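> Structure file coords-v4.pdb (PDB, C-alpha atoms and all ligand atoms) is given on the next line.
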```pdb
ATOM      1  CA  MET A   1      35.453  35.251 -33.653
ATOM      2  CA  THR A   2      35.093  32.348 -31.223
ATOM      3  CA  GLU A   3      33.832  29.239 -32.974
ATOM      4  CA  ARG A   4      30.345  28.385 -31.750
ATOM      5  CA  ASP A   5      28.524  25.176 -32.647
ATOM      6  CA  PHE A   6      24.803  24.398 -32.610
ATOM      7  CA  LEU A   7      24.629  20.644 -32.074
ATOM      8  CA  THR A   8      21.661  20.653 -29.693
ATOM      9  CA  LEU A   9      19.198  23.250 -28.426
ATOM     10  CA  LYS A  10      21.235  23.250 -25.200
ATOM     11  CA  ASP A  11      23.992  25.100 -27.057
ATOM     12  CA  LEU A  12      21.794  28.155 -26.507
ATOM     13  CA  ASP A  13      20.825  29.466 -23.100
ATOM     14  CA  ARG A  14      17.220  30.493 -22.397
ATOM     15  CA  ARG A  15      17.851  34.162 -23.132
ATOM     16  CA  GLU A  16      19.603  33.365 -26.418
ATOM     17  CA  LEU A  17      16.737  31.092 -27.449
ATOM     18  CA  SER A  18      14.190  33.788 -26.700
ATOM     19  CA  ASP A  19      16.238  36.408 -28.585
ATOM     20  CA  LEU A  20      16.665  34.062 -31.565
ATOM     21  CA  LEU A  21      12.902  33.568 -31.816
ATOM     22  CA  GLU A  22      12.395  37.344 -31.639
ATOM     23  CA  VAL A  23      14.934  37.890 -34.433
ATOM     24  CA  SER A  24      13.199  35.144 -36.455
ATOM     25  CA  SER A  25       9.916  37.063 -36.209
ATOM     26  CA  GLN A  26      11.638  40.273 -37.321
ATOM     27  CA  LEU A  27      13.173  38.422 -40.278
ATOM     28  CA  LYS A  28       9.729  37.283 -41.404
ATOM     29  CA  ARG A  29       8.780  40.947 -41.723
ATOM     30  CA  ALA A  30      12.062  41.929 -43.452
ATOM     31  CA  PRO A  31      13.342  38.807 -45.222
ATOM     32  CA  HIS A  32      16.109  40.311 -47.379
ATOM     33  CA  SER A  33      19.369  41.936 -46.244
ATOM     34  CA  GLN A  34      23.121  41.780 -46.809
ATOM     35  CA  GLU A  35      23.940  40.669 -43.239
ATOM     36  CA  LEU A  36      25.882  37.617 -44.501
ATOM     37  CA  GLU A  37      27.434  39.214 -47.585
ATOM     38  CA  GLY A  38      30.544  37.286 -48.603
ATOM     39  CA  LYS A  39      29.799  34.386 -46.233
ATOM     40  CA  THR A  40      29.558  30.780 -47.411
ATOM     41  CA  LEU A  41      27.753  27.878 -45.754
ATOM     42  CA  ALA A  42      28.773  24.300 -46.565
ATOM     43  CA  MET A  43      25.797  21.924 -46.345
ATOM     44  CA  LEU A  44      26.683  18.247 -45.990
ATOM     45  CA  PHE A  45      23.984  15.570 -46.288
ATOM     46  CA  SER A  46      24.213  11.835 -45.574
ATOM     47  CA  LYS A  47      20.418  11.576 -45.842
ATOM     48  CA  THR A  48      17.676  13.055 -47.994
ATOM     49  CA  SER A  49      16.165  16.455 -47.181
ATOM     50  CA  THR A  50      13.712  18.977 -48.559
ATOM     51  CA  ARG A  51      13.108  21.549 -45.809
ATOM     52  CA  THR A  52      16.546  21.623 -44.192
ATOM     53  CA  ARG A  53      18.440  21.850 -47.427
ATOM     54  CA  VAL A  54      16.244  24.453 -49.090
ATOM     55  CA  SER A  55      15.609  26.624 -46.013
ATOM     56  CA  PHE A  56      19.341  26.971 -45.309
ATOM     57  CA  GLU A  57      20.240  27.641 -48.943
ATOM     58  CA  VAL A  58      17.488  30.246 -49.335
ATOM     59  CA  ALA A  59      18.419  31.743 -45.952
ATOM     60  CA  MET A  60      22.009  32.285 -47.109
ATOM     61  CA  ASN A  61      20.844  33.766 -50.428
ATOM     62  CA  GLN A  62      18.341  36.144 -48.841
ATOM     63  CA  LEU A  63      21.002  37.361 -46.393
ATOM     64  CA  GLY A  64      23.513  38.082 -49.154
ATOM     65  CA  GLY A  65      25.681  34.980 -48.739
ATOM     66  CA  HIS A  66      25.613  31.645 -50.477
ATOM     67  CA  ALA A  67      25.592  27.918 -49.778
ATOM     68  CA  VAL A  68      27.448  24.925 -51.208
ATOM     69  CA  ASN A  69      25.497  21.663 -51.196
ATOM     70  CA  LEU A  70      27.492  18.457 -50.622
ATOM     71  CA  ASN A  71      26.206  14.905 -50.743
ATOM     72  CA  TRP A  72      28.339  12.872 -48.304
ATOM     73  CA  THR A  73      28.608   9.949 -50.754
ATOM     74  CA  GLU A  74      29.956  12.234 -53.486
ATOM     75  CA  THR A  75      32.708  13.669 -51.264
ATOM     76  CA  ASN A  76      35.848  12.163 -49.798
ATOM     77  CA  PHE A  77      34.148  11.886 -46.419
ATOM     78  CA  VAL A  78      33.531   8.311 -47.686
ATOM     79  CA  LYS A  79      37.303   7.698 -47.890
ATOM     80  CA  GLY A  80      39.004  10.075 -45.495
ATOM     81  CA  ASN A  81      39.054  10.927 -41.806
ATOM     82  CA  VAL A  82      35.926  12.878 -40.795
ATOM     83  CA  ARG A  83      37.881  15.413 -38.724
ATOM     84  CA  ASP A  84      40.379  16.035 -41.533
ATOM     85  CA  GLU A  85      37.691  16.566 -44.157
ATOM     86  CA  ALA A  86      35.739  18.863 -41.817
ATOM     87  CA  LYS A  87      38.881  20.892 -41.125
ATOM     88  CA  VAL A  88      39.307  21.460 -44.846
ATOM     89  CA  LEU A  89      35.682  22.592 -45.269
ATOM     90  CA  GLY A  90      36.216  25.034 -42.408
ATOM     91  CA  GLY A  91      39.163  26.441 -44.307
ATOM     92  CA  TYR A  92      36.976  27.316 -47.300
ATOM     93  CA  CYS A  93      33.625  28.123 -45.692
ATOM     94  CA  ASP A  94      32.323  30.202 -42.791
ATOM     95  CA  ALA A  95      30.105  27.466 -41.317
ATOM     96  CA  LEU A  96      29.125  23.857 -41.868
ATOM     97  CA  MET A  97      25.569  22.509 -41.569
ATOM     98  CA  ALA A  98      25.447  18.711 -41.605
ATOM     99  CA  ARG A  99      22.815  15.965 -41.621
ATOM    100  CA  VAL A 100      24.473  12.734 -40.572
ATOM    101  CA  PHE A 101      23.510   9.297 -39.281
ATOM    102  CA  THR A 102      24.924   9.551 -35.759
ATOM    103  CA  HIS A 103      25.453  12.267 -33.179
ATOM    104  CA  GLN A 104      29.007  10.968 -32.787
ATOM    105  CA  GLN A 105      29.716  11.806 -36.452
ATOM    106  CA  LEU A 106      28.456  15.323 -35.829
ATOM    107  CA  VAL A 107      30.706  15.684 -32.787
ATOM    108  CA  GLU A 108      33.673  14.565 -34.922
ATOM    109  CA  LEU A 109      32.761  17.134 -37.590
ATOM    110  CA  ALA A 110      32.638  19.830 -34.912
ATOM    111  CA  GLU A 111      35.985  18.691 -33.486
ATOM    112  CA  GLY A 112      37.618  18.954 -36.911
ATOM    113  CA  CYS A 113      35.965  22.082 -38.281
ATOM    114  CA  GLU A 114      37.278  25.360 -36.911
ATOM    115  CA  ARG A 115      34.077  27.167 -37.963
ATOM    116  CA  PRO A 116      30.580  26.829 -36.473
ATOM    117  CA  VAL A 117      28.911  23.465 -37.100
ATOM    118  CA  ILE A 118      25.095  23.276 -37.212
ATOM    119  CA  ASN A 119      23.172  20.065 -36.626
ATOM    120  CA  GLY A 120      20.911  19.577 -39.652
ATOM    121  CA  MET A 121      19.604  16.400 -37.952
ATOM    122  CA  ASP A 122      21.257  13.321 -36.518
ATOM    123  CA  ASP A 123      19.917  10.212 -34.808
ATOM    124  CA  ARG A 124      19.567  12.028 -31.481
ATOM    125  CA  TYR A 125      18.588  15.633 -32.176
ATOM    126  CA  HIS A 126      16.955  17.918 -34.709
ATOM    127  CA  PRO A 127      17.466  21.326 -33.066
ATOM    128  CA  CYS A 128      16.744  23.398 -36.195
ATOM    129  CA  GLN A 129      13.316  21.752 -36.367
ATOM    130  CA  ALA A 130      12.726  22.598 -32.707
ATOM    131  CA  LEU A 131      13.419  26.285 -33.417
ATOM    132  CA  ALA A 132      10.683  26.297 -36.075
ATOM    133  CA  ASP A 133       8.325  24.371 -33.781
ATOM    134  CA  LEU A 134       8.841  26.885 -30.972
ATOM    135  CA  LEU A 135       8.356  29.872 -33.287
ATOM    136  CA  THR A 136       5.077  28.363 -34.546
ATOM    137  CA  ILE A 137       3.814  27.756 -31.007
ATOM    138  CA  LEU A 138       4.741  31.319 -30.008
ATOM    139  CA  GLU A 139       2.997  32.770 -33.069
ATOM    140  CA  GLU A 140      -0.167  30.814 -32.342
ATOM    141  CA  LYS A 141      -0.290  31.045 -28.540
ATOM    142  CA  GLN A 142       1.742  34.238 -27.830
ATOM    143  CA  ARG A 143       3.372  32.510 -24.840
ATOM    144  CA  PHE A 144       5.043  29.301 -23.705
ATOM    145  CA  THR A 145       4.588  29.225 -19.952
ATOM    146  CA  GLY A 146       1.829  26.916 -18.835
ATOM    147  CA  LEU A 147       1.168  25.383 -22.252
ATOM    148  CA  LYS A 148       0.689  21.622 -22.458
ATOM    149  CA  VAL A 149       2.437  19.848 -25.316
ATOM    150  CA  GLY A 150       1.445  16.262 -26.127
ATOM    151  CA  TRP A 151       3.587  13.952 -28.254
ATOM    152  CA  THR A 152       2.240  10.690 -29.633
ATOM    153  CA  GLY A 153       4.179   7.970 -31.465
ATOM    154  CA  ASP A 154       7.894   7.336 -31.810
ATOM    155  CA  GLY A 155      10.288   9.126 -29.431
ATOM    156  CA  THR A 156      12.380  10.437 -32.307
ATOM    157  CA  ASN A 157      15.196  12.970 -32.612
ATOM    158  CA  VAL A 158      12.496  15.616 -33.258
ATOM    159  CA  CYS A 159      10.807  14.584 -30.016
ATOM    160  CA  ASN A 160      14.100  14.839 -28.097
ATOM    161  CA  SER A 161      14.728  18.364 -29.369
ATOM    162  CA  LEU A 162      11.172  19.517 -28.665
ATOM    163  CA  MET A 163      11.471  18.090 -25.142
ATOM    164  CA  LEU A 164      14.544  20.276 -24.612
ATOM    165  CA  GLY A 165      12.655  23.234 -26.090
ATOM    166  CA  ALA A 166       9.686  22.630 -23.788
ATOM    167  CA  GLU A 167      11.962  22.465 -20.758
ATOM    168  CA  MET A 168      13.789  25.663 -21.754
ATOM    169  CA  THR A 169      10.582  27.634 -22.368
ATOM    170  CA  GLY A 170       8.497  26.425 -19.416
ATOM    171  CA  MET A 171       6.024  24.235 -21.300
ATOM    172  CA  GLU A 172       4.734  20.988 -19.817
ATOM    173  CA  MET A 173       5.275  18.066 -22.205
ATOM    174  CA  THR A 174       3.842  14.558 -22.126
ATOM    175  CA  VAL A 175       5.270  11.959 -24.503
ATOM    176  CA  ALA A 176       3.313   8.779 -25.258
ATOM    177  CA  THR A 177       5.284   5.971 -26.912
ATOM    178  CA  PRO A 178       5.154   2.175 -27.052
ATOM    179  CA  LYS A 179       7.632   0.353 -24.798
ATOM    180  CA  GLY A 180      11.113   0.486 -26.308
ATOM    181  CA  PHE A 181      10.482   3.657 -28.325
ATOM    182  CA  GLU A 182      10.821   6.202 -25.536
ATOM    183  CA  PRO A 183      12.903   9.372 -26.094
ATOM    184  CA  LYS A 184      16.656   8.916 -25.727
ATOM    185  CA  ILE A 185      17.098  11.817 -23.323
ATOM    186  CA  GLN A 186      15.671  12.839 -19.971
ATOM    187  CA  THR A 187      14.050  16.206 -19.366
ATOM    188  CA  THR A 188      11.110  17.429 -17.312
ATOM    189  CA  ALA A 189       8.740  15.733 -19.831
ATOM    190  CA  ASN A 190       6.420  12.970 -18.604
ATOM    191  CA  ILE A 191       6.805   9.675 -20.461
ATOM    192  CA  VAL A 192       3.618   7.606 -20.662
ATOM    193  CA  ARG A 193       2.227   4.657 -22.637
ATOM    194  CA  ASP A 194      -1.311   5.876 -23.322
ATOM    195  CA  PRO A 195      -1.630   8.449 -26.151
ATOM    196  CA  LYS A 196      -4.874   9.689 -24.562
ATOM    197  CA  GLU A 197      -2.813  10.933 -21.609
ATOM    198  CA  ALA A 198      -0.620  12.974 -23.966
ATOM    199  CA  ALA A 199      -3.637  14.396 -25.796
ATOM    200  CA  ALA A 200      -5.750  15.227 -22.741
ATOM    201  CA  ASP A 201      -6.207  19.004 -22.455
ATOM    202  CA  ALA A 202      -3.227  19.622 -24.764
ATOM    203  CA  ASP A 203      -2.563  23.056 -26.295
ATOM    204  CA  VAL A 204      -0.218  21.527 -28.878
ATOM    205  CA  LEU A 205      -0.287  17.973 -30.262
ATOM    206  CA  VAL A 206       2.698  16.663 -32.171
ATOM    207  CA  THR A 207       3.729  13.488 -33.925
ATOM    208  CA  ASP A 208       6.426  12.279 -36.306
ATOM    209  CA  THR A 209       6.887   9.469 -38.797
ATOM    210  CA  TRP A 210       6.743   5.902 -37.495
ATOM    211  CA  VAL A 211       9.416   4.844 -39.991
ATOM    212  CA  SER A 212      12.389   7.202 -39.705
ATOM    213  CA  LEU A 213      15.132   7.218 -42.349
ATOM    214  CA  GLY A 214      17.165   4.037 -41.970
ATOM    215  CA  PHE A 215      14.326   2.003 -40.378
ATOM    216  CA  GLU A 216      12.437   1.115 -43.568
ATOM    217  CA  HIS A 217      13.205  -2.602 -43.011
ATOM    218  CA  GLU A 218      11.103  -2.455 -39.803
ATOM    219  CA  LYS A 219       8.084  -0.833 -41.475
ATOM    220  CA  ASP A 220       5.541  -3.682 -41.007
ATOM    221  CA  MET A 221       6.399  -4.158 -37.334
ATOM    222  CA  ARG A 222       6.338  -0.401 -36.679
ATOM    223  CA  VAL A 223       3.006   0.234 -38.398
ATOM    224  CA  LYS A 224       1.356  -2.452 -36.254
ATOM    225  CA  LEU A 225       2.977  -1.268 -33.027
ATOM    226  CA  PHE A 226       2.326   2.451 -33.528
ATOM    227  CA  LYS A 227      -1.245   2.198 -34.868
ATOM    228  CA  PRO A 228      -2.834   3.095 -31.469
ATOM    229  CA  TYR A 229      -0.668   6.251 -31.420
ATOM    230  CA  GLN A 230      -2.071   7.729 -34.649
ATOM    231  CA  LEU A 231      -2.874  11.444 -34.465
ATOM    232  CA  ASN A 232      -6.457  11.322 -35.710
ATOM    233  CA  ALA A 233      -9.713  13.188 -35.039
ATOM    234  CA  ASN A 234     -10.538  10.979 -32.042
ATOM    235  CA  LEU A 235      -7.257  11.751 -30.331
ATOM    236  CA  LEU A 236      -7.450  15.453 -31.212
ATOM    237  CA  SER A 237     -10.963  15.642 -29.695
ATOM    238  CA  LEU A 238      -9.401  15.007 -26.257
ATOM    239  CA  ALA A 239      -7.246  18.129 -26.519
ATOM    240  CA  LYS A 240      -8.287  21.742 -25.920
ATOM    241  CA  LYS A 241     -10.666  23.100 -28.573
ATOM    242  CA  ASN A 242      -7.989  25.512 -29.824
ATOM    243  CA  CYS A 243      -5.197  22.915 -29.746
ATOM    244  CA  ILE A 244      -2.789  23.229 -32.657
ATOM    245  CA  VAL A 245      -1.237  20.279 -34.498
ATOM    246  CA  LEU A 246       2.423  20.122 -35.520
ATOM    247  CA  HIS A 247       4.415  17.625 -37.604
ATOM    248  CA  CYS A 248       7.947  18.230 -38.895
ATOM    249  CA  LEU A 249       7.160  16.648 -42.308
ATOM    250  CA  PRO A 250       7.476  14.631 -44.424
ATOM    251  CA  ALA A 251       4.255  12.988 -43.184
ATOM    252  CA  GLN A 252       3.021   9.551 -44.063
ATOM    253  CA  ARG A 253      -0.678  10.393 -44.373
ATOM    254  CA  GLY A 254      -2.917   7.672 -42.963
ATOM    255  CA  TYR A 255      -0.144   6.340 -40.757
ATOM    256  CA  GLU A 256       1.084   8.614 -37.930
ATOM    257  CA  ILE A 257      -1.406  11.368 -38.873
ATOM    258  CA  THR A 258      -4.664  11.316 -40.808
ATOM    259  CA  SER A 259      -5.332  13.690 -43.687
ATOM    260  CA  ASP A 260      -8.410  15.186 -42.018
ATOM    261  CA  VAL A 261      -6.192  16.310 -39.106
ATOM    262  CA  LEU A 262      -3.228  17.363 -41.243
ATOM    263  CA  ASP A 263      -5.472  19.492 -43.474
ATOM    264  CA  SER A 264      -7.676  20.829 -40.660
ATOM    265  CA  PRO A 265      -7.693  24.477 -39.509
ATOM    266  CA  GLN A 266      -6.017  23.310 -36.291
ATOM    267  CA  SER A 267      -3.012  22.066 -38.259
ATOM    268  CA  LYS A 268      -0.134  24.579 -38.343
ATOM    269  CA  VAL A 269       2.136  22.100 -40.084
ATOM    270  CA  PHE A 270       2.840  24.172 -43.197
ATOM    271  CA  GLN A 271       3.370  27.344 -41.156
ATOM    272  CA  GLU A 272       5.811  25.247 -39.076
ATOM    273  CA  ALA A 273       7.620  24.170 -42.263
ATOM    274  CA  GLU A 274       7.801  27.774 -43.495
ATOM    275  CA  ASN A 275       9.237  28.781 -40.126
ATOM    276  CA  ARG A 276      12.325  26.729 -40.908
ATOM    277  CA  LEU A 277      13.451  29.656 -43.082
ATOM    278  CA  PRO A 278      13.393  32.612 -40.641
ATOM    279  CA  THR A 279      14.762  30.451 -37.810
ATOM    280  CA  ALA A 280      17.610  29.237 -40.048
ATOM    281  CA  LYS A 281      18.387  32.867 -40.871
ATOM    282  CA  ALA A 282      18.364  33.956 -37.229
ATOM    283  CA  LEU A 283      20.632  31.048 -36.312
ATOM    284  CA  LEU A 284      23.085  31.783 -39.134
ATOM    285  CA  MET A 285      23.243  35.443 -38.126
ATOM    286  CA  LYS A 286      23.886  34.495 -34.512
ATOM    287  CA  LEU A 287      26.713  32.123 -35.418
ATOM    288  CA  LEU A 288      28.318  34.020 -38.318
ATOM    289  CA  ILE A 289      28.219  37.717 -37.396
TER
HETATM  290  N1  LIG B 301      11.617  18.386 -41.196
HETATM  291  C1  LIG B 301      12.732  18.211 -41.926
HETATM  292  O1  LIG B 301      13.852  18.217 -41.403
HETATM  293  O2  LIG B 301      12.511  18.081 -43.270
HETATM  294  P1  LIG B 301      13.586  17.510 -44.293
HETATM  295  O3  LIG B 301      13.917  16.100 -43.873
HETATM  296  O4  LIG B 301      12.900  17.554 -45.624
HETATM  297  O5  LIG B 301      14.809  18.387 -44.256
END
```
Represent the structure from my file as structure tokens, please.
Ligand code: CP

Amino acid sequence: MTERDFLTLKDLDRRELSDLLEVSSQLKRAPHSQELEGKTLAMLFSKTSTRTRVSFEVAMNQLGGHAVNLNWTETNFVKGNVRDEAKVLGGYCDALMARVFTHQQLVELAEGCERPVINGMDDRYHPCQALADLLTILEEKQRFTGLKVGWTGDGTNVCNSLMLGAEMTGMEMTVATPKGFEPKIQTTANIVRDPKEAAADADVLVTDTWVSLGFEHEKDMRVKLFKPYQLNANLLSLAKKNCIVLHCLPAQRGYEITSDVLDSPQSKVFQEAENRLPTAKALLMKLLI
């Protein structure tokens, strides 16, 4: 088998992305199989995780394989060469899913490991989250083309990956961020300052934490700067009446999103979180079979 990595959404073409979402839907209807019997996934984490860790481990179990969880600080990644350590993991396991601090570290893991490497989130991208976001939008709207996606707040890794997803599926995306917090990539998305512009007539409104992992020391400054970008009832009222709300979680209630919005019928946030599981399964099947 040719080794195939999933470091960004761009590692899939449009047809593959569409097929993967279709398989994800099928897997929601038939969650258990032996498709990955005998296969092992190594999961390497430099940062904390609930959804990514558990969805991938459960995905492997429900497909007949299993997963090995590794905390970076408890392995010899802290002492050795990243490529060497990754090569060794590839010798034991059928794939490696990693959450690391920098995209460069992920590239080095992929260079060393001779098995597929999956980006479980780095500073630049969170493609597995984007798969779940896209599945949720498709389930709720039954299409992508012509939809308007509004992003308000920090231009995070989740924002970057959703921007790629919007471009690949024909959605129009508007991202509103304060100066200096724009997304790190360029796509067809419009970048604006005013969150009202992102919310206006939106079919989907999305936000993310203002204080990403590793930026806790900037919390006071960020809370003040991002306050006008809060996803609250006022902002949501500018969107279409049937606009859905997404957030990758964990959310800081009362900061980037208010509880009345997060718990409203328009919020599909927990459906989005659940969709991490079938999309992880579809991705693993694509890369491992
Ligand atoms: N959304 C997400 O990636 O969740 P975790 O950080 O809990 O994995």
> Which residues fall under the PyMOL selection byres (((not hetatm)) within 7 of (chain B and resi 301)) in this file, as a list in words?
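In the shown coordinates, the PyMOL selection byres (((not hetatm)) within 7 of (chain B and resi 301)) covers Thr48, Ser49, Thr50, Arg51, Thr52, Arg53, Met121, Gln129, Cys248, Leu249 and Pro250 of chain A.
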> Let me know the centre plus edge lengths, in Å and rounded to one decimal, of a box with edges along x, y and z that contains all listed atoms of stretch 178-193 of chain A and is padded by 6 Å on every side, as JSON.

```
{"center_x": 9.7, "center_y": 8.9, "center_z": -22.8, "size_x": 26.9, "size_y": 29.1, "size_z": 23.0}
```
> Give as a count of residues only each residue that has an atom at most 9 Å from (34.4, 26.3, -42.8) in the file, counting all atoms listed in the file.
19
> Out of A:Arg143, A:Thr169, A:Ser212, A:Lys240, which residue has the shortest atom-to-atom distance to A:Arg15 when counting only C-alpha atoms?
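Checking each candidate against A:Arg15, we get A:Thr169 as the closest.
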> Around (28.6, 38.2, -48.3), as given in the file, which residues come within 9 Å? Count only C-alpha atoms and list them as a short mmCIF file (atom, residue, chain, number, x, y, z; two decimals) with C-alpha atoms, in the coordinates of the input.

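Done, and the output landed in selection_7.cif:
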```
data_model
loop_
_atom_site.label_atom_id
_atom_site.label_comp_id
_atom_site.auth_asym_id
_atom_site.auth_seq_id
_atom_site.Cartn_x
_atom_site.Cartn_y
_atom_site.Cartn_z
CA GLN A 34 23.12 41.78 -46.81
CA GLU A 35 23.94 40.67 -43.24
CA LEU A 36 25.88 37.62 -44.50
CA GLU A 37 27.43 39.21 -47.58
CA GLY A 38 30.54 37.29 -48.60
CA LYS A 39 29.80 34.39 -46.23
CA THR A 40 29.56 30.78 -47.41
CA MET A 60 22.01 32.28 -47.11
CA LEU A 63 21.00 37.36 -46.39
CA GLY A 64 23.51 38.08 -49.15
CA GLY A 65 25.68 34.98 -48.74
CA HIS A 66 25.61 31.64 -50.48
#
```
> Please, what distance in Å, to one decimal, runs between atom CA of A:Arg4 and atom CA of A:Glu274?
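Taking atom CA of A:Arg4 and atom CA of A:Glu274, their separation equals 25.4 Å.
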> When you count all atoms listed in the file, which of these residues is closest to A:Ala189: A:Ala202, A:Ala67, A:Leu213, A:Met163?
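Smallest distance to A:Ala189 is found for A:Met163.
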> So, counting all atoms listed in the file, which residue among A:Leu284, A:Leu17, A:Val206, A:Ala239 is closest to A:Asn119?
A:Leu284
> Given the file shown, enumerate the residues that the PyMOL selection byres (((chain A and resi 120) around 12) and not hetatm) captures and present them as number ranges by chain.
A: 5-9, 42-56, 96-103, 106, 117-119, 121-131, 157-158, 276, 280, 283
> To one decimal in Å, tell me the separation between atom CA of A:Thr145 and atom CA of A:Ala166.
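Computing it gives 9.2 Å between the two atoms.
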> For A:Leu12, which of A:Pro195, A:Gly165, A:Pro265, A:Gly214 is the closest residue, counting all atoms listed in the file?
A:Gly165
> Using all atoms listed in the file, which of A:Ile244, A:Ala176, A:Val58, A:Leu109 sits nearest A:Phe77?
A:Leu109
> For this file, the PyMOL selection byres (((chain A and resi 171) around 9) and not hetatm) selects which residues, as a tab-separated table (two decimals) with C-alpha atoms, keeping the file's coordinate frame?

```tsv
chain	number	residue	atom	x	y	z
A	144	PHE	CA	5.04	29.30	-23.70
A	145	THR	CA	4.59	29.22	-19.95
A	146	GLY	CA	1.83	26.92	-18.84
A	147	LEU	CA	1.17	25.38	-22.25
A	148	LYS	CA	0.69	21.62	-22.46
A	149	VAL	CA	2.44	19.85	-25.32
A	165	GLY	CA	12.66	23.23	-26.09
A	166	ALA	CA	9.69	22.63	-23.79
A	167	GLU	CA	11.96	22.46	-20.76
A	168	MET	CA	13.79	25.66	-21.75
A	169	THR	CA	10.58	27.63	-22.37
A	170	GLY	CA	8.50	26.42	-19.42
A	172	GLU	CA	4.73	20.99	-19.82
A	173	MET	CA	5.28	18.07	-22.20
```
> In Å, with one decimal, what is the gap from atom CA of A:Leu135 to atom CA of A:Pro278?
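Between these atoms lies a distance of 9.3 Å.
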> With all heavy atoms as the target, complete stretch 248-253 of chain A and hand it back as a tab-separated table (two decimals), in the coordinates of the input.

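Full text of result-v1.tsv as output:
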```tsv
chain	number	residue	atom	x	y	z
A	248	CYS	N	6.77	17.64	-38.24
A	248	CYS	CA	7.95	18.23	-38.90
A	248	CYS	C	7.95	18.02	-40.41
A	248	CYS	O	8.66	18.72	-41.12
A	248	CYS	CB	9.22	17.67	-38.28
A	248	CYS	SG	9.38	15.88	-38.49
A	249	LEU	N	7.18	17.05	-40.90
A	249	LEU	CA	7.16	16.65	-42.31
A	249	LEU	C	8.53	16.06	-42.71
A	249	LEU	O	9.54	16.50	-42.15
A	249	LEU	CB	6.80	17.82	-43.22
A	249	LEU	CG	5.38	18.41	-43.03
A	249	LEU	CD1	5.18	19.60	-43.98
A	249	LEU	CD2	4.30	17.37	-43.28
A	250	PRO	N	8.60	15.13	-43.63
A	250	PRO	CA	7.48	14.63	-44.42
A	250	PRO	C	6.56	13.72	-43.61
A	250	PRO	O	7.05	12.96	-42.77
A	250	PRO	CB	8.17	13.84	-45.54
A	250	PRO	CG	9.46	13.39	-44.95
A	250	PRO	CD	9.88	14.48	-44.01
A	251	ALA	N	5.24	13.82	-43.88
A	251	ALA	CA	4.26	12.99	-43.18
A	251	ALA	C	3.88	11.80	-44.04
A	251	ALA	O	3.84	11.90	-45.27
A	251	ALA	CB	3.02	13.82	-42.89
A	252	GLN	N	3.60	10.72	-43.39
A	252	GLN	CA	3.02	9.55	-44.06
A	252	GLN	C	1.53	9.59	-43.74
A	252	GLN	O	1.10	9.12	-42.68
A	252	GLN	CB	3.65	8.26	-43.55
A	252	GLN	CG	5.16	8.19	-43.68
A	252	GLN	CD	5.61	8.17	-45.13
A	252	GLN	OE1	5.11	7.40	-45.92
A	252	GLN	NE2	6.54	9.05	-45.47
A	253	ARG	N	0.76	10.23	-44.62
A	253	ARG	CA	-0.68	10.39	-44.37
A	253	ARG	C	-1.35	9.03	-44.22
A	253	ARG	O	-1.08	8.11	-45.00
A	253	ARG	CB	-1.32	11.16	-45.53
A	253	ARG	CG	-0.95	12.64	-45.55
A	253	ARG	CD	-1.39	13.29	-46.85
A	253	ARG	NE	-1.08	14.72	-46.88
A	253	ARG	CZ	-1.97	15.68	-46.66
A	253	ARG	NH1	-3.24	15.38	-46.43
A	253	ARG	NH2	-1.59	16.95	-46.69
```
